[in-house]
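So this one's target-v1.cif, mmCIF, C-alpha atoms and all ligand atoms:
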```cif
data_entry
#
loop_
_atom_site.label_atom_id
_atom_site.label_comp_id
_atom_site.auth_asym_id
_atom_site.auth_seq_id
_atom_site.Cartn_x
_atom_site.Cartn_y
_atom_site.Cartn_z
CA MET Q 1 95.34 114.43 37.74
CA THR Q 2 91.71 115.39 37.39
CA GLY Q 3 91.50 116.24 33.69
CA ALA Q 4 92.45 114.54 30.49
CA ALA Q 5 95.61 115.49 28.67
CA GLN Q 6 97.92 113.48 26.58
CA PHE Q 7 100.90 114.62 24.57
CA LYS Q 8 102.34 112.48 21.84
CA VAL Q 9 105.40 113.42 19.81
CA MET Q 10 104.48 112.44 16.24
CA THR Q 11 107.74 113.51 14.55
CA PRO Q 12 110.75 113.63 16.88
CA PRO Q 13 113.77 115.82 16.09
CA PRO Q 14 116.11 114.25 13.49
CA ALA Q 15 119.05 112.22 14.75
CA ASP Q 16 121.53 114.37 12.81
CA GLY Q 17 121.00 117.24 15.28
CA SER Q 18 120.25 119.77 12.51
CA THR Q 19 117.23 120.96 14.50
CA ARG Q 20 115.38 120.18 17.71
CA ALA Q 21 112.02 120.97 16.08
CA ARG Q 22 109.36 118.32 16.66
CA ALA Q 23 105.71 117.89 15.76
CA GLY Q 24 103.21 116.59 18.28
CA ARG Q 25 99.60 116.13 19.21
CA LEU Q 26 98.23 117.49 22.48
CA THR Q 27 94.86 116.03 23.45
CA LEU Q 28 92.93 118.22 25.88
CA THR Q 29 89.43 118.12 27.38
CA HIS Q 30 87.93 120.14 24.50
CA GLY Q 31 89.90 118.79 21.60
CA VAL Q 32 93.21 118.08 19.92
CA VAL Q 33 95.95 120.65 19.35
CA GLU Q 34 98.54 119.90 16.66
CA THR Q 35 101.94 121.30 17.68
CA PRO Q 36 103.87 123.50 17.11
CA GLN Q 37 100.88 125.77 17.62
CA PHE Q 38 100.10 129.44 18.23
CA MET Q 39 97.35 130.53 20.63
CA PRO Q 40 95.56 133.79 19.78
CA VAL Q 41 95.07 135.94 22.88
CA GLY Q 42 91.48 136.46 24.06
CA THR Q 43 92.05 138.64 27.12
CA ASN Q 44 88.42 139.42 27.98
CA ALA Q 45 86.89 136.15 26.74
CA THR Q 46 87.11 137.44 23.17
CA VAL Q 47 89.91 137.59 20.64
CA LYS Q 48 89.39 141.28 19.91
CA ALA Q 49 87.30 141.97 16.77
CA LEU Q 50 86.68 138.26 15.98
CA ASP Q 51 83.87 135.85 16.79
CA PRO Q 52 84.29 132.06 17.15
CA ASP Q 53 83.40 131.46 13.47
CA ASP Q 54 86.20 133.83 12.43
CA LEU Q 55 88.56 132.02 14.81
CA ARG Q 56 87.73 128.65 13.28
CA THR Q 57 88.16 130.08 9.77
CA VAL Q 58 91.65 131.44 10.53
CA GLY Q 59 92.54 127.99 11.89
CA ALA Q 60 92.68 128.57 15.65
CA SER Q 61 92.58 125.30 17.58
CA ILE Q 62 93.26 126.75 21.06
CA ILE Q 63 93.07 130.25 22.49
CA LEU Q 64 94.41 131.93 25.60
CA ALA Q 65 92.23 133.84 28.06
CA ASN Q 66 93.38 136.00 30.95
CA THR Q 67 92.52 134.94 34.48
CA TYR Q 68 93.31 138.38 35.94
CA HIS Q 69 90.84 140.19 33.69
CA LEU Q 70 88.04 137.62 33.96
CA TYR Q 71 88.44 137.36 37.75
CA LEU Q 72 87.91 141.12 38.07
CA ARG Q 73 85.24 141.35 35.38
CA PRO Q 74 82.73 139.72 35.05
CA GLY Q 75 84.03 137.39 37.80
CA HIS Q 76 84.84 133.67 37.61
CA GLU Q 77 81.88 132.69 39.80
CA ARG Q 78 79.46 134.44 37.46
CA ILE Q 79 81.08 132.74 34.45
CA ALA Q 80 80.82 129.37 36.23
CA ARG Q 81 77.11 129.98 36.94
CA LEU Q 82 76.64 130.80 33.24
CA GLY Q 83 78.03 127.43 32.25
CA GLY Q 84 81.79 128.06 32.19
CA LEU Q 85 84.05 130.03 29.90
CA HIS Q 86 83.57 127.83 26.81
CA ARG Q 87 79.78 128.26 26.98
CA PHE Q 88 80.05 131.94 27.94
CA MET Q 89 82.08 132.87 24.84
CA ALA Q 90 80.65 130.15 22.57
CA TRP Q 91 84.07 128.63 21.87
CA ASP Q 92 84.06 124.83 22.03
CA ARG Q 93 87.75 124.20 21.38
CA PRO Q 94 90.52 124.22 24.02
CA ILE Q 95 91.27 127.27 26.19
CA LEU Q 96 94.46 127.89 28.15
CA THR Q 97 94.29 130.43 30.95
CA ASP Q 98 97.24 132.20 32.51
CA SER Q 99 97.43 132.40 36.30
CA GLY Q 100 96.84 136.13 36.65
CA GLY Q 101 100.32 136.55 38.08
CA PHE Q 102 101.87 138.17 35.02
CA GLN Q 103 99.40 141.09 35.07
CA VAL Q 104 99.73 141.51 38.85
CA PHE Q 105 103.54 141.51 38.70
CA SER Q 106 103.47 144.05 35.89
CA MET Q 107 101.78 146.50 38.30
CA GLU Q 108 104.83 147.77 40.18
CA GLY Q 109 103.71 149.67 43.27
CA LEU Q 110 100.18 148.29 43.11
CA ARG Q 111 100.99 145.04 44.86
CA ASP Q 112 102.17 143.51 48.10
CA LEU Q 113 103.97 140.20 47.75
CA ASP Q 114 104.55 137.58 50.48
CA ASP Q 115 105.27 133.85 50.55
CA ASP Q 116 101.59 133.00 50.70
CA GLY Q 117 100.41 135.10 47.75
CA VAL Q 118 100.07 138.59 46.35
CA THR Q 119 97.70 141.43 47.25
CA PHE Q 120 96.94 144.07 44.66
CA ARG Q 121 94.46 146.75 43.74
CA SER Q 122 92.05 146.17 40.87
CA HIS Q 123 92.87 148.46 37.95
CA LEU Q 124 89.10 148.79 37.42
CA ASP Q 125 87.81 150.06 40.77
CA GLY Q 126 90.82 150.16 43.12
CA SER Q 127 89.39 147.39 45.33
CA LEU Q 128 91.91 145.30 47.27
CA ARG Q 129 92.24 141.77 45.86
CA ARG Q 130 94.38 138.76 46.73
CA LEU Q 131 95.73 135.98 44.56
CA THR Q 132 97.27 132.83 46.05
CA PRO Q 133 98.31 129.59 44.34
CA GLU Q 134 95.09 128.03 45.61
CA SER Q 135 92.80 130.88 44.56
CA SER Q 136 94.39 131.13 41.10
CA MET Q 137 93.75 127.43 40.52
CA ALA Q 138 90.21 127.70 41.88
CA ILE Q 139 89.48 130.60 39.50
CA GLN Q 140 90.85 128.68 36.51
CA ALA Q 141 88.92 125.55 37.53
CA ALA Q 142 85.71 127.63 37.75
CA LEU Q 143 86.37 129.01 34.28
CA GLY Q 144 86.74 125.44 33.02
CA SER Q 145 90.13 125.93 31.31
CA ASP Q 146 91.70 123.02 29.45
CA VAL Q 147 95.13 124.16 30.64
CA ALA Q 148 95.56 126.08 33.91
CA MET Q 149 98.88 127.83 34.45
CA VAL Q 150 100.40 127.77 37.92
CA LEU Q 151 100.82 131.04 39.80
CA ASP Q 152 104.46 132.04 39.46
CA GLU Q 153 106.54 135.04 40.43
CA CYS Q 154 107.65 136.83 37.30
CA PRO Q 155 109.97 139.74 38.15
CA PRO Q 156 110.28 142.38 35.40
CA LEU Q 157 113.81 142.45 33.93
CA PRO Q 158 116.43 143.72 34.43
CA ALA Q 159 116.40 142.53 38.04
CA VAL Q 160 119.21 141.79 40.53
CA TRP Q 161 120.26 138.14 40.94
CA ASP Q 162 118.86 137.88 44.49
CA LYS Q 163 115.45 138.92 43.29
CA ILE Q 164 115.42 136.38 40.44
CA GLU Q 165 116.69 133.67 42.80
CA ALA Q 166 113.91 134.43 45.29
CA ALA Q 167 111.38 134.29 42.45
CA VAL Q 168 112.66 130.83 41.42
CA SER Q 169 112.29 129.51 45.00
CA ARG Q 170 108.82 130.96 45.39
CA THR Q 171 107.74 129.70 41.95
CA THR Q 172 108.65 126.12 42.93
CA LEU Q 173 106.80 126.35 46.26
CA TRP Q 174 103.77 127.83 44.58
CA ALA Q 175 103.84 125.25 41.75
CA GLU Q 176 103.68 122.46 44.32
CA ARG Q 177 100.72 124.15 46.05
CA CYS Q 178 98.98 124.65 42.69
CA ARG Q 179 99.51 120.98 41.78
CA THR Q 180 97.95 119.89 45.07
CA ALA Q 181 95.08 122.39 44.94
CA TYR Q 182 93.97 121.98 41.31
CA ARG Q 183 90.49 120.40 40.97
CA GLY Q 184 89.47 121.45 37.48
CA PRO Q 185 88.45 119.75 34.24
CA GLY Q 186 91.84 120.39 32.59
CA VAL Q 187 95.50 120.06 33.48
CA PRO Q 188 98.01 122.35 35.22
CA PHE Q 189 101.25 123.46 33.51
CA ALA Q 190 104.28 124.67 35.50
CA ILE Q 191 106.35 127.74 34.59
CA VAL Q 192 110.16 127.80 34.58
CA GLN Q 193 111.63 131.09 35.82
CA GLY Q 194 115.24 132.24 36.28
CA GLY Q 195 115.63 135.31 34.08
CA THR Q 196 118.62 135.09 31.76
CA ASP Q 197 120.75 133.23 34.36
CA ARG Q 198 121.54 129.75 33.14
CA SER Q 199 122.10 128.17 36.58
CA LEU Q 200 118.83 129.59 37.91
CA ARG Q 201 116.94 128.31 34.85
CA GLU Q 202 118.51 124.88 35.40
CA ARG Q 203 117.49 124.87 39.05
CA SER Q 204 113.95 126.03 38.29
CA ALA Q 205 113.50 123.40 35.56
CA ARG Q 206 114.95 120.63 37.75
CA GLU Q 207 112.68 121.45 40.70
CA LEU Q 208 109.54 121.70 38.55
CA VAL Q 209 110.27 118.57 36.50
CA ALA Q 210 110.58 116.67 39.80
CA LEU Q 211 106.96 117.66 40.50
CA ASP Q 212 105.91 115.85 37.26
CA PHE Q 213 103.57 118.33 35.55
CA PRO Q 214 101.61 117.46 32.36
CA GLY Q 215 103.32 120.41 30.62
CA TYR Q 216 105.94 123.11 31.14
CA ALA Q 217 106.13 126.75 30.17
CA ILE Q 218 109.17 128.95 29.77
CA GLY Q 219 108.18 132.12 31.61
CA GLY Q 220 109.94 135.34 32.44
CA VAL Q 221 110.93 136.02 28.84
CA SER Q 222 109.79 138.94 26.74
CA VAL Q 223 109.73 141.05 29.92
CA GLY Q 224 112.32 143.63 28.92
CA GLU Q 225 115.36 141.71 27.68
CA PRO Q 226 116.76 142.02 24.11
CA PRO Q 227 115.47 139.64 21.37
CA GLU Q 228 118.73 137.67 21.13
CA SER Q 229 118.55 136.73 24.81
CA ILE Q 230 114.91 135.63 24.38
CA ALA Q 231 116.07 133.12 21.74
CA GLU Q 232 118.97 131.96 23.90
CA VAL Q 233 116.86 131.51 27.05
CA ALA Q 234 114.27 129.59 25.02
CA ARG Q 235 117.01 127.39 23.53
CA PHE Q 236 118.69 126.33 26.73
CA THR Q 237 115.50 126.13 28.81
CA ALA Q 238 113.64 123.96 26.27
CA ALA Q 239 116.54 121.50 26.38
CA LEU Q 240 116.07 121.12 30.17
CA LEU Q 241 112.46 119.96 29.83
CA PRO Q 242 111.25 116.36 29.36
CA ALA Q 243 110.85 115.32 25.72
CA GLY Q 244 107.49 113.68 26.38
CA ARG Q 245 105.76 116.82 27.68
CA PRO Q 246 104.62 119.94 25.78
CA ARG Q 247 106.80 123.06 26.05
CA TYR Q 248 105.17 126.48 25.95
CA LEU Q 249 107.11 129.72 25.43
CA MET Q 250 104.99 132.47 27.01
CA GLY Q 251 104.40 135.84 25.37
CA VAL Q 252 106.71 135.43 22.32
CA GLY Q 253 106.49 136.97 19.74
CA ARG Q 254 107.54 137.97 16.23
CA PRO Q 255 107.28 135.43 13.36
CA GLU Q 256 111.08 135.01 13.31
CA ASP Q 257 111.05 134.38 17.11
CA LEU Q 258 108.51 131.59 16.60
CA VAL Q 259 110.64 129.91 13.92
CA GLU Q 260 113.76 130.09 16.14
CA ALA Q 261 111.92 128.74 19.17
CA VAL Q 262 110.38 125.87 17.19
CA ALA Q 263 113.95 125.04 16.10
CA SER Q 264 114.76 124.84 19.84
CA GLY Q 265 111.97 122.34 20.47
CA VAL Q 266 109.17 124.65 21.67
CA ASP Q 267 105.60 123.46 20.97
CA LEU Q 268 103.21 126.24 22.06
CA PHE Q 269 103.13 130.02 21.80
CA ASP Q 270 100.93 132.98 22.60
CA CYS Q 271 101.42 136.67 21.90
CA VAL Q 272 99.28 139.77 21.46
CA MET Q 273 101.45 140.83 18.52
CA PRO Q 274 99.32 139.64 15.55
CA THR Q 275 96.05 140.93 17.03
CA ARG Q 276 97.34 144.16 18.57
CA ASN Q 277 99.40 145.03 15.50
CA ALA Q 278 96.37 144.36 13.30
CA ARG Q 279 94.40 147.01 15.17
CA ASN Q 280 97.36 149.40 14.79
CA GLY Q 281 97.51 148.76 11.03
CA THR Q 282 100.74 146.71 11.03
CA LEU Q 283 100.19 143.64 8.87
CA PHE Q 284 102.42 140.58 8.40
CA THR Q 285 102.75 139.40 4.81
CA SER Q 286 104.79 136.87 2.84
CA GLU Q 287 106.91 139.83 1.68
CA GLY Q 288 107.44 141.42 5.09
CA ARG Q 289 105.50 143.87 7.22
CA ILE Q 290 103.16 146.45 5.77
CA ASN Q 291 101.91 149.56 7.54
CA ILE Q 292 98.51 149.89 5.88
CA LYS Q 293 98.03 153.53 6.88
CA ARG Q 294 100.85 154.71 4.63
CA GLU Q 295 100.04 157.14 1.83
CA GLU Q 296 101.46 154.77 -0.81
CA TYR Q 297 98.48 152.39 -0.39
CA ARG Q 298 95.84 155.08 -0.98
CA ALA Q 299 95.13 153.95 -4.57
CA ASP Q 300 96.74 150.49 -4.49
CA PRO Q 301 94.33 147.97 -6.10
CA ARG Q 302 96.43 144.91 -5.18
CA PRO Q 303 95.49 142.48 -2.42
CA LEU Q 304 97.30 142.96 0.88
CA ASP Q 305 99.21 139.70 0.37
CA PRO Q 306 98.73 137.85 -2.96
CA ALA Q 307 100.01 134.67 -1.28
CA CYS Q 308 97.28 134.77 1.41
CA GLY Q 309 93.87 133.15 1.08
CA CYS Q 310 92.10 135.03 3.89
CA GLU Q 311 88.90 137.04 3.48
CA ALA Q 312 90.76 140.37 3.63
CA CYS Q 313 93.16 139.35 0.85
CA LEU Q 314 90.65 137.52 -1.37
CA ARG Q 315 87.97 140.22 -1.43
CA TYR Q 316 89.57 143.60 -0.83
CA SER Q 317 92.34 145.90 -2.02
CA ARG Q 318 95.07 147.56 -0.01
CA ALA Q 319 93.33 150.84 -0.85
CA TYR Q 320 90.11 149.65 0.81
CA LEU Q 321 91.92 148.33 3.91
CA ARG Q 322 93.76 151.66 4.17
CA HIS Q 323 90.50 153.55 3.83
CA LEU Q 324 88.86 151.50 6.61
CA PHE Q 325 91.85 152.13 8.86
CA VAL Q 326 92.01 155.87 8.21
CA ALA Q 327 88.24 156.22 8.64
CA ASN Q 328 88.51 154.24 11.90
CA GLU Q 329 85.91 151.72 10.73
CA ILE Q 330 85.52 148.60 12.91
CA LEU Q 331 85.50 146.33 9.83
CA GLY Q 332 89.15 147.34 9.37
CA ALA Q 333 90.05 145.90 12.79
CA ARG Q 334 88.23 142.66 11.96
CA LEU Q 335 89.77 142.17 8.49
CA ASN Q 336 93.27 143.10 9.67
CA THR Q 337 92.99 140.69 12.61
CA ILE Q 338 91.72 137.90 10.34
CA HIS Q 339 94.69 138.49 8.06
CA ASN Q 340 97.38 138.60 10.76
CA LEU Q 341 96.07 135.48 12.50
CA THR Q 342 95.81 133.68 9.14
CA PHE Q 343 99.47 134.59 8.61
CA TYR Q 344 100.58 133.38 12.09
CA LEU Q 345 98.52 130.17 12.05
CA GLY Q 346 99.58 129.51 8.45
CA LEU Q 347 103.22 129.88 9.52
CA MET Q 348 102.68 127.31 12.29
CA SER Q 349 101.00 124.96 9.83
CA ALA Q 350 103.88 125.38 7.35
CA MET Q 351 106.34 124.57 10.14
CA ARG Q 352 104.41 121.45 11.15
CA GLU Q 353 104.35 120.35 7.53
CA ALA Q 354 108.10 120.97 7.10
CA ILE Q 355 108.86 119.03 10.30
CA GLY Q 356 106.66 116.18 9.08
CA ARG Q 357 108.65 115.77 5.88
CA GLY Q 358 112.02 116.20 7.59
CA ALA Q 359 112.67 119.60 5.99
CA PHE Q 360 112.47 122.01 8.93
CA ALA Q 361 116.15 123.03 8.89
CA ALA Q 362 115.77 124.14 5.26
CA PHE Q 363 112.47 125.87 6.04
CA ARG Q 364 114.10 127.83 8.87
CA GLU Q 365 117.07 128.84 6.75
CA SER Q 366 114.83 130.07 3.95
CA PHE Q 367 112.43 131.87 6.33
CA LEU Q 368 115.20 133.71 8.16
CA ALA Q 369 117.19 134.61 5.02
CA PRO Q 370 117.27 138.35 4.32
CA ARG Q 371 114.52 139.28 1.88
ZN ZN Q 401 95.28 137.72 4.17
#
```
Show how you would write the structure in this file as structure tokens.
Amino acid sequence: MTGAAQFKVMTPPPADGSTRARAGRLTLTHGVVETPQFMPVGTNATVKALDPDDLRTVGASIILANTYHLYLRPGHERIARLGGLHRFMAWDRPILTDSGGFQVFSMEGLRDLDDDGVTFRSHLDGSLRRLTPESSMAIQAALGSDVAMVLDECPPLPAVWDKIEAAVSRTTLWAERCRTAYRGPGVPFAIVQGGTDRSLRERSARELVALDFPGYAIGGVSVGEPPESIAEVARFTAALLPAGRPRYLMGVGRPEDLVEAVASGVDLFDCVMPTRNARNGTLFTSEGRINIKREEYRADPRPLDPACGCEACLRYSRAYLRHLFVANEILGARLNTIHNLTFYLGLMSAMREAIGRGAFAAFRESFLAPR
């Protein structure tokens, strides 16, 4: 292990089995992350529409950046020469980077996969590029990530069993190569694959746990399967992972998905939903979702969410937020993003607080009750 990482479970799940939710503290190179925690997505070394001060104000303690995008533009070597990703984007708290594999595997027809790695064409200029377990780890080390994700094979679902089985085998081989190759300032996390097949998930988890990683992700979910199978895969996969290591459910999702996954013992999340929806005018509130572009908000003087203390809700009316959206003003994207991330990070904080006082089962029941 080259970097520093330590995970401590502060509040373990209750003995009565009413929930598997736990609260923990993950110490990384650039700071401490209280779990359960949500990571805003900063694809291009920016969480769209926000600067680092905004991110701190909404309560972000760790963000995710995308290796694929930064490798292609502006290039990891350039970022390294400019002092690393933290310096480059002026964010001094932890950063987790994905391996780049998810984007490459989403490009059906644009890639050529073999046991050594994957060759693909850049979506920017069509140039031929290659990603291997070693090069993915070298890129993430150059960026200076606190958590580097291993390169895995993530087949889009639905897929035939043979294809998912082959992806599990390759993911284990690649995880071992990533573990050996990693020379960065952070720590590598492995990714469990296996689609919705229980025996393949068990095999993938068993093989990766034997490699003794500092953390484990549940991958290959939210890639085309229905929401109820996301929750089920998260539930049985989380239970296969060691209690003393952080568990990260990749790419999920809606607020109710986060609550269900925390109940299954998941600690970390990322999803584009709060930020992307904000830019599309879909806002999460304590009373459900609001589509701010609707006619009914044209003259509405009320705050977006009276229960929210963010800048958008404290200072402005729904009518103003609707106006900004309709007029395509960039302030609208910023305020909406601040609000949605305040909602998501506030939800995580409320869950941590409920876990801490032994009241998570009641919290979950009340959150998921029909409104
Ligand atoms: Zn708000």
Notebook entry, point to check: Around (103.6, 143.2, 35.0) in the file's own coordinates, what residues are found within 12 Å if you use only C-alpha atoms, given back as a list in words?
Noted result: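 Nearby residues: Tyr68, Gly100, Gly101, Phe102, Gln103, Val104, Phe105, Ser106, Met107, Glu108, Gly109, Leu110, Arg111, Phe120, Glu153, Cys154, Pro155, Pro156, Leu157, Gly220, Val221, Ser222, Val223 and Gly224 of chain Q.
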Listing only residues of chain Q within 12 Å of ligand ZN 401 (chain Q), what is the closest atom pair and its distance in Å (to one decimal) for each, using all atoms listed in the file, sorted by chain and residue number ascending, as a tab-separated table?
```
residue	atom	partner	partner_atom	distance
Q:Thr57	CA	Q:ZN401	ZN	11.9
Q:Val58	CA	Q:ZN401	ZN	9.6
Q:Ala278	CA	Q:ZN401	ZN	11.3
Q:Leu283	CA	Q:ZN401	ZN	9.0
Q:Phe284	CA	Q:ZN401	ZN	8.8
Q:Thr285	CA	Q:ZN401	ZN	7.7
Q:Ser286	CA	Q:ZN401	ZN	9.6
Q:Ile290	CA	Q:ZN401	ZN	11.9
Q:Arg302	CA	Q:ZN401	ZN	11.9
Q:Pro303	CA	Q:ZN401	ZN	8.1
Q:Leu304	CA	Q:ZN401	ZN	6.5
Q:Asp305	CA	Q:ZN401	ZN	5.8
Q:Pro306	CA	Q:ZN401	ZN	7.9
Q:Ala307	CA	Q:ZN401	ZN	7.8
Q:Cys308	CA	Q:ZN401	ZN	4.5
Q:Gly309	CA	Q:ZN401	ZN	5.7
Q:Cys310	CA	Q:ZN401	ZN	4.2
Q:Glu311	CA	Q:ZN401	ZN	6.5
Q:Ala312	CA	Q:ZN401	ZN	5.3
Q:Cys313	CA	Q:ZN401	ZN	4.3
Q:Leu314	CA	Q:ZN401	ZN	7.2
Q:Arg315	CA	Q:ZN401	ZN	9.5
Q:Tyr316	CA	Q:ZN401	ZN	9.6
Q:Ser317	CA	Q:ZN401	ZN	10.7
Q:Arg318	CA	Q:ZN401	ZN	10.7
Q:Leu321	CA	Q:ZN401	ZN	11.1
Q:Arg334	CA	Q:ZN401	ZN	11.6
Q:Leu335	CA	Q:ZN401	ZN	8.3
Q:Asn336	CA	Q:ZN401	ZN	8.0
Q:Thr337	CA	Q:ZN401	ZN	9.2
Q:Ile338	CA	Q:ZN401	ZN	7.1
Q:His339	CA	Q:ZN401	ZN	4.0
Q:Asn340	CA	Q:ZN401	ZN	7.0
Q:Leu341	CA	Q:ZN401	ZN	8.7
Q:Thr342	CA	Q:ZN401	ZN	6.4
Q:Phe343	CA	Q:ZN401	ZN	6.9
Q:Tyr344	CA	Q:ZN401	ZN	10.5
Q:Leu345	CA	Q:ZN401	ZN	11.4
Q:Gly346	CA	Q:ZN401	ZN	10.2
```
Margin query: Calculated over all atoms listed in the file, which of the candidates Q:Thr46, Q:Ile330, Q:Ala263, Q:Ala234 has the smallest distance to Ala359 in chain Q?
Written below: Q:Ala263
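When CA of His123 in chain Q is paired with CA of Thr97 in chain Q, their separation reads 19.4 Å.
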Margin query: If we count all atoms listed in the file and set the cut-off at 9 Å, which residues sit around Met273 in chain Q, ignoring sequence neighbours fewer than 4 positions away in its own chain? Please answer as a PyMOL selection string.
Written below: chain Q and resi 251-254+277-278
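Taking CA of Arg170 in chain Q as the reference point, CA of Arg198 in chain Q is found at 17.7 Å.
Minimum atom-to-atom distance to Pro14 in chain Q, evaluated using all atoms listed in the file, belongs to Q:Gly265 out of Q:Pro226, Q:Gly117, Q:Gly281, Q:Gly265.
Minimum distance to Gly31 in chain Q across Q:Val47, Q:Ala239, Q:Ala15, Q:Ile95 (counting all atoms listed in the file) occurs at Q:Ile95.
Distances from Q:Pro274, Q:Gly215, Q:Pro52, Q:Pro13 to Thr27 in chain Q were compared using all atoms listed in the file, and the smallest one belongs to Q:Gly215.
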Margin query: What's the separation between CA of Asp112 in chain Q and CA of Thr132 in chain Q, in Å to one decimal place?
Written below: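 For CA of Asp112 in chain Q relative to CA of Thr132 in chain Q, the distance reads 11.9 Å.
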Next item on the list: Point out the residue among Q:Lys8, Q:His323, Q:Arg179, Q:Arg245 with the least atom-to-atom distance to Ala148 in chain Q, counting all atoms listed in the file.
Entry: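 Once distances to Ala148 in chain Q are computed over all atoms listed in the file, the minimum belongs to Q:Arg179.
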Checklist line | Close residues, Glu260 in chain Q itself excluded, 12 Å, all atoms listed in the file, min 6 positions apart in chain, as a ChimeraX atom specification | finding: /Q:19-21,36,227-235,238,249,252-254,266-267,351,360-361,363-365,367-368
Axis-aligned box for all listed atoms of range 322-333 of chain Q, 6 Å per side, centre and edges in Å to one decimal, as JSON:
```
{"center_x": 89.6, "center_y": 151.1, "center_z": 8.4, "size_x": 20.3, "size_y": 22.3, "size_z": 21.1}
```
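Here the question is which of Q:Ala319, Q:Ala167, Q:Phe269, Q:Arg357 gets nearest to Thr35 in chain Q using only C-alpha atoms, and that residue is Q:Phe269.
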Note to self: Give me the residues near range 184-187 of chain Q as a list in words, where near means some atom within 6 Å (using all atoms listed in the file) and where sequence neighbours in that chain fewer than 6 positions away do not count.
What the structure shows: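 Within the cut-off, the hits are Gly3, Ala141, Ser145, Asp146 and Val147 of chain Q.
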Next item on the list: Considering all atoms listed in the file, return as a ChimeraX atom specification whatever protein or nucleic-acid residues lie within 10 Å of Phe189 in chain Q, sequence-local ones (same chain, fewer than 2 positions apart) excluded.
Entry: /Q:96,98,147-151,175,178-179,186-187,191-192,208,212-217,245-248
Some atoms are absent from range 132-144 of chain Q, so rebuild N, CA, C and O atoms and return them as an mmCIF file, in the coordinates of the input.
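File written: rebuild_16.cif
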```cif
data_model
loop_
_atom_site.group_PDB
_atom_site.id
_atom_site.type_symbol
_atom_site.label_atom_id
_atom_site.label_comp_id
_atom_site.auth_asym_id
_atom_site.auth_seq_id
_atom_site.Cartn_x
_atom_site.Cartn_y
_atom_site.Cartn_z
ATOM 1 N N THR Q 132 96.349 133.817 45.490
ATOM 2 C CA THR Q 132 97.270 132.830 46.050
ATOM 3 C C THR Q 132 97.339 131.667 45.062
ATOM 4 O O THR Q 132 96.510 131.588 44.147
ATOM 5 N N PRO Q 133 98.294 130.758 45.232
ATOM 6 C CA PRO Q 133 98.310 129.590 44.340
ATOM 7 C C PRO Q 133 96.960 128.879 44.337
ATOM 8 O O PRO Q 133 96.460 128.509 43.270
ATOM 9 N N GLU Q 134 96.363 128.745 45.524
ATOM 10 C CA GLU Q 134 95.090 128.030 45.610
ATOM 11 C C GLU Q 134 93.956 128.808 44.930
ATOM 12 O O GLU Q 134 93.137 128.225 44.211
ATOM 13 N N SER Q 135 93.916 130.129 45.155
ATOM 14 C CA SER Q 135 92.800 130.880 44.560
ATOM 15 C C SER Q 135 92.953 130.980 43.044
ATOM 16 O O SER Q 135 91.976 130.924 42.310
ATOM 17 N N SER Q 136 94.190 131.086 42.545
ATOM 18 C CA SER Q 136 94.390 131.130 41.100
ATOM 19 C C SER Q 136 93.897 129.837 40.450
ATOM 20 O O SER Q 136 93.232 129.858 39.407
ATOM 21 N N MET Q 137 94.195 128.705 41.094
ATOM 22 C CA MET Q 137 93.750 127.430 40.520
ATOM 23 C C MET Q 137 92.241 127.272 40.627
ATOM 24 O O MET Q 137 91.594 126.727 39.723
ATOM 25 N N ALA Q 138 91.671 127.781 41.716
ATOM 26 C CA ALA Q 138 90.210 127.700 41.880
ATOM 27 C C ALA Q 138 89.512 128.558 40.821
ATOM 28 O O ALA Q 138 88.484 128.152 40.269
ATOM 29 N N ILE Q 139 90.073 129.726 40.534
ATOM 30 C CA ILE Q 139 89.480 130.600 39.500
ATOM 31 C C ILE Q 139 89.530 129.899 38.149
ATOM 32 O O ILE Q 139 88.543 129.849 37.413
ATOM 33 N N GLN Q 140 90.702 129.331 37.822
ATOM 34 C CA GLN Q 140 90.850 128.680 36.510
ATOM 35 C C GLN Q 140 89.992 127.424 36.405
ATOM 36 O O GLN Q 140 89.477 127.103 35.330
ATOM 37 N N ALA Q 141 89.802 126.729 37.537
ATOM 38 C CA ALA Q 141 88.920 125.550 37.530
ATOM 39 C C ALA Q 141 87.471 125.995 37.302
ATOM 40 O O ALA Q 141 86.728 125.369 36.549
ATOM 41 N N ALA Q 142 87.076 127.116 37.933
ATOM 42 C CA ALA Q 142 85.710 127.630 37.750
ATOM 43 C C ALA Q 142 85.478 128.053 36.307
ATOM 44 O O ALA Q 142 84.387 127.874 35.770
ATOM 45 N N LEU Q 143 86.498 128.614 35.689
ATOM 46 C CA LEU Q 143 86.370 129.010 34.280
ATOM 47 C C LEU Q 143 86.232 127.785 33.383
ATOM 48 O O LEU Q 143 85.635 127.851 32.312
ATOM 49 N N GLY Q 144 86.817 126.668 33.806
ATOM 50 C CA GLY Q 144 86.740 125.440 33.020
ATOM 51 C C GLY Q 144 87.849 125.315 31.983
ATOM 52 O O GLY Q 144 87.680 124.629 30.962
#
```
